[in-house]
Structures are given as structure tokens and as C-alpha cells.
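Heads up: the structure comes next, in C-alpha cells.
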Amino acid sequence: MSAAVRLDQLDALESWGFAEPLAAAADVQAPQPDEVVAALELARAVRAMLRELPAERRRLLLAVDYYGASERDVAAALGWSRGRVRRQLAEARAAFRVGLAAAKS
């Protein structure tokens, strides 16, 4: 009986125009084990590099690059000039890239 309910639900979704996304989702393949391992290693390296950054730069980098805060909003929140935010952000990004490259090698 539950299979019939699921088929009815699928029919309803298709009637509402969700057939294409459902078909596309059925074509998605699971990642290969080596891809999963590589993604986990990269995530570990990113977390490690973030821990290495000074707290102020880490917060700035996360606020702008992860949470999507604008440089203007960050400057206003911290009482900094936009130029200072840009400089600090550029330095944080550079340190992050260098550290991440070292961690990957």
C-alpha cells in the first residue's frame, strides 16, 4: 500500500511540473570513493588553515567569503575604513592560499 502512495505522490509531483527536476535527480551518480576522500582531505586542510589565521583575519575572511557580507557592511560593523577592510581581507586571503597550498603538498 505504501508503494501505491509513493507512486501517487510522484504522479502529483509530475502534474505540478516537477517531472524534469525529478528525472534529472535520478541521473545523478554517487561520487566515487576517491572523490569523497579528496573532498574530505580538502575540507580538513581548509579547517586547519582557518585555525592558523589570526582570529581577526579568520572572522573577516569568513564574514565576507563564506557568509557573503559586503566589505561596506563589515567596515561599518567594525568601525574601519573600506580600505582597511580590503587590505586586511587581501592579506587574509593571501595567507590562506599559501597555507592551503602548503597543506595540499
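By convention here, the chains of the C-alpha cells are called A, B, ... in the order presented, each chain's residues are numbered starting at 1, and ligands are numbered starting at 1 in the order presented.
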- Task: For A:Gln88, please output as an MDAnalysis selection string all residues within 9 Å (counting only C-alpha atoms; exclusion window: fewer than 4 positions along the same chain).
- Result: chainID A and resid 57 60:61 83:84 92:93
Please write the residues from the selection above to a file, keeping C-alpha atoms, as a tab-separated table (two decimals), in the first residue's frame.
chain	number	residue	atom	x	y	z
A	57	ARG	CA	41.52	37.77	9.89
A	60	LEU	CA	36.90	38.80	8.34
A	61	LEU	CA	37.54	36.08	5.76
A	83	GLY	CA	40.38	50.43	2.52
A	84	ARG	CA	41.40	48.79	5.77
A	92	ALA	CA	43.94	37.05	4.98
A	93	ARG	CA	43.21	35.57	1.56
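Distances to A:Arg97 were evaluated for A:Ala38, A:Glu56, A:Pro31, A:Val46 using only C-alpha atoms, and the minimum falls at A:Val46.
For the pair atom CA of A:Val36 and atom CA of A:Ala103, the interatomic distance is 17.9 Å.
In this structure, atom CA of A:Glu52 sits 8.6 Å away from atom CA of A:Phe96.
Residue nearest A:Tyr66, chosen from A:Ala45, A:Leu50, A:Ala94, A:Gln32 and counting only C-alpha atoms: A:Leu50.
The coordinates place atom CA of A:Pro54 at 20.7 Å from atom CA of A:Ala76.
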